[in-house]
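Engineer: Just dropping this structure here.
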Amino acid sequence: MFQGFTPEAVEFLWGIKFNNNREWFLPRKEQFLALVDRPMRELGSELFDAIAAAYPKQSLKLHVCRIYRDARRLFGRGPYKDHLWFGLRRMAPSEGAEPGFYFEVAPEYYSYGMGCYWAKANTMACFRRAIDADPLSLTALAKRLNAQDTFALAGQDYVRPKGDPGALLSPWYNKRVLDLSCVRAHDDLLFSPALTDELVRGFGFLLPYYDYLEAVTRREDA
């Protein structure tokens with residue numbers, strides 16, 4: 001049962017950040033499993049069960065990341081990730097190519113939200129066509145997002161804007177990476193079992209945005 005992360009888990013992530021090598025990590029692997037990996041998996045499992053019970057038609061799968069970086073993509077970095085995450089999503093051929101929910105904990109912060117993080121160019125083109133064909137659907141969602149202060153529209157913009165459907169929708173229309181996120185400094189919630197309920201509420205709020213994006217990706221796959 002998830003009881004919250006601990007300050008020691010955060011200290012361990014700082015340790016990886018500044019000592020990203022096998023000599024530091026391997027003697028402390030059991031600490032990693034107890035402090036970070038186990039509570040992450042407990043939180044992911046509890047959240048998956050709650051979301052599956054509340055929204056059984058979504059058919060989401062839980063994926064917890066490994067601490068090991070892909071050896072082919074180190075680019076001068078150490079072999080370990082200094083932030084860990086799990087996602088709830090459909091199992092797409094390319095991870096991140098379609099929308100998914102996530103939770104992440106890092107040395108400096110933790111975050112949670114929903115988005116398409118490595119969407120294909122065709123997916124984002126389909127997204128823009130959906131806005132062009134029916135701007136009112138996204139208008140309602142954009143207004144709903146702007147009326148609250150937990151989640152914010154984030155993600156990388158195109159260097160060259162793709163169009164201007166108006167002040168409300170242009171920030172969405174010109175996203176290369178679409179992310180609705182909540183980023184928080186480490187606080188009491190991170191160290192509490194109440195984090196599970198907060199994530200369930202947050203993901204419930206984001207569900208209409210997930211449904212909108214998921215419909216876009218399905219149209220592209222058709």
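Residue numbering restarts at 1 in every chain; chains get A, B, ... in the order shown in the structure tokens, and ligands count up from 1 in that same order.
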Residues of segment 150-220 of chain A that approach segment 123-126 of chain A to 12 Å or less, counting only C-alpha atoms: could you list each one with the shortest pair of atoms and its distance in Å to one decimal, rows by chain and increasing residue number, as CSV?
Structural biologist:
residue,atom,partner,partner_atom,distance
A:Asp157,CA,A:Met124,CA,11.4
A:Tyr158,CA,A:Met124,CA,10.7
A:Lys162,CA,A:Ala125,CA,9.3
A:Gly163,CA,A:Ala125,CA,11.3
A:Trp172,CA,A:Met124,CA,10.2
A:Tyr173,CA,A:Met124,CA,8.6
A:Asn174,CA,A:Met124,CA,9.1
A:Lys175,CA,A:Met124,CA,8.0
A:Arg176,CA,A:Met124,CA,7.0
A:Val177,CA,A:Met124,CA,8.5
A:Leu178,CA,A:Met124,CA,9.0
A:Tyr212,CA,A:Cys126,CA,11.8
A:Leu213,CA,A:Thr123,CA,9.4
A:Glu214,CA,A:Thr123,CA,10.3
A:Ala215,CA,A:Cys126,CA,10.2
A:Val216,CA,A:Cys126,CA,6.5
A:Thr217,CA,A:Thr123,CA,6.1
A:Arg218,CA,A:Thr123,CA,9.4
A:Arg219,CA,A:Cys126,CA,7.9
A:Glu220,CA,A:Thr123,CA,6.4
Engineer: Please identify which residues in segment 91-180 of chain A DSSP calls strand (DSSP E) from the backbone, and express them as a ChimeraX atom specification.
Structural biologist: /A:100-105,110-116,152-154,178-180
Engineer: Excluding Asp197 of chain A and residues on its chain fewer than 6 positions from it, collect all residues at most 10 Å away from it, counting only C-alpha atoms, and give them as a ChimeraX atom specification.
Structural biologist: /A:46-47,50,203
Engineer: Write the residues of the preceding selection, restricted to C-alpha atoms, as a PDB file, in the first residue's frame.
Structural biologist:
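Final file, selection33.pdb:
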ATOM      1  CA  GLU A  46      -3.206   1.931  -6.767  1.00  0.00           C
ATOM      2  CA  LEU A  47      -3.827   4.671  -9.303  1.00  0.00           C
ATOM      3  CA  ALA A  50      -8.773   3.398  -9.164  1.00  0.00           C
ATOM      4  CA  PHE A 203      -6.720  12.581 -13.980  1.00  0.00           C
TER       5      PHE A 203
END
Engineer: As a VMD selection string, please: the residues near segment 135-149 of chain A (cut-off 10 Å, only C-alpha atoms, same-chain neighbours under 3 positions excluded).
Structural biologist: chain A and resid 128 to 132 152 to 153 165 to 166 168 to 169 171 to 172 180 182 205 to 206 208 to 209 212
Engineer: With DSSP run on the backbone, what are the helix (DSSP H, G or I) residues within segment 97-168 of chain A? I'd like them as a ChimeraX atom specification.
Structural biologist: /A:121-133,135-146
Engineer: Could the residues in this selection be saved with C-alpha atoms as a PDB file, in the first residue's frame?
Structural biologist:
ATOM      1  CA  ALA A 121       3.960  15.265 -37.268  1.00  0.00           C
ATOM      2  CA  ASN A 122       0.928  13.625 -38.879  1.00  0.00           C
ATOM      3  CA  THR A 123      -0.774  13.391 -35.481  1.00  0.00           C
ATOM      4  CA  MET A 124      -0.376  17.101 -34.803  1.00  0.00           C
ATOM      5  CA  ALA A 125      -1.517  17.910 -38.350  1.00  0.00           C
ATOM      6  CA  CYS A 126      -4.632  15.828 -37.676  1.00  0.00           C
ATOM      7  CA  PHE A 127      -5.082  17.741 -34.401  1.00  0.00           C
ATOM      8  CA  ARG A 128      -5.002  21.062 -36.278  1.00  0.00           C
ATOM      9  CA  ARG A 129      -7.473  19.793 -38.856  1.00  0.00           C
ATOM     10  CA  ALA A 130      -9.833  18.805 -36.040  1.00  0.00           C
ATOM     11  CA  ILE A 131      -9.630  22.363 -34.670  1.00  0.00           C
ATOM     12  CA  ASP A 132     -10.247  23.827 -38.131  1.00  0.00           C
ATOM     13  CA  ALA A 133     -13.272  21.595 -38.684  1.00  0.00           C
ATOM     14  CA  PRO A 135     -13.241  24.875 -33.162  1.00  0.00           C
ATOM     15  CA  LEU A 136     -16.117  24.931 -30.657  1.00  0.00           C
ATOM     16  CA  SER A 137     -15.233  21.540 -29.124  1.00  0.00           C
ATOM     17  CA  LEU A 138     -11.730  22.616 -28.191  1.00  0.00           C
ATOM     18  CA  THR A 139     -12.942  26.108 -27.278  1.00  0.00           C
ATOM     19  CA  ALA A 140     -15.054  24.614 -24.500  1.00  0.00           C
ATOM     20  CA  LEU A 141     -12.122  22.554 -23.234  1.00  0.00           C
ATOM     21  CA  ALA A 142      -9.718  25.501 -23.399  1.00  0.00           C
ATOM     22  CA  LYS A 143     -12.104  27.688 -21.379  1.00  0.00           C
ATOM     23  CA  ARG A 144     -12.529  24.894 -18.836  1.00  0.00           C
ATOM     24  CA  LEU A 145      -8.744  24.624 -18.455  1.00  0.00           C
ATOM     25  CA  ASN A 146      -8.348  28.385 -18.052  1.00  0.00           C
TER      26      ASN A 146
END
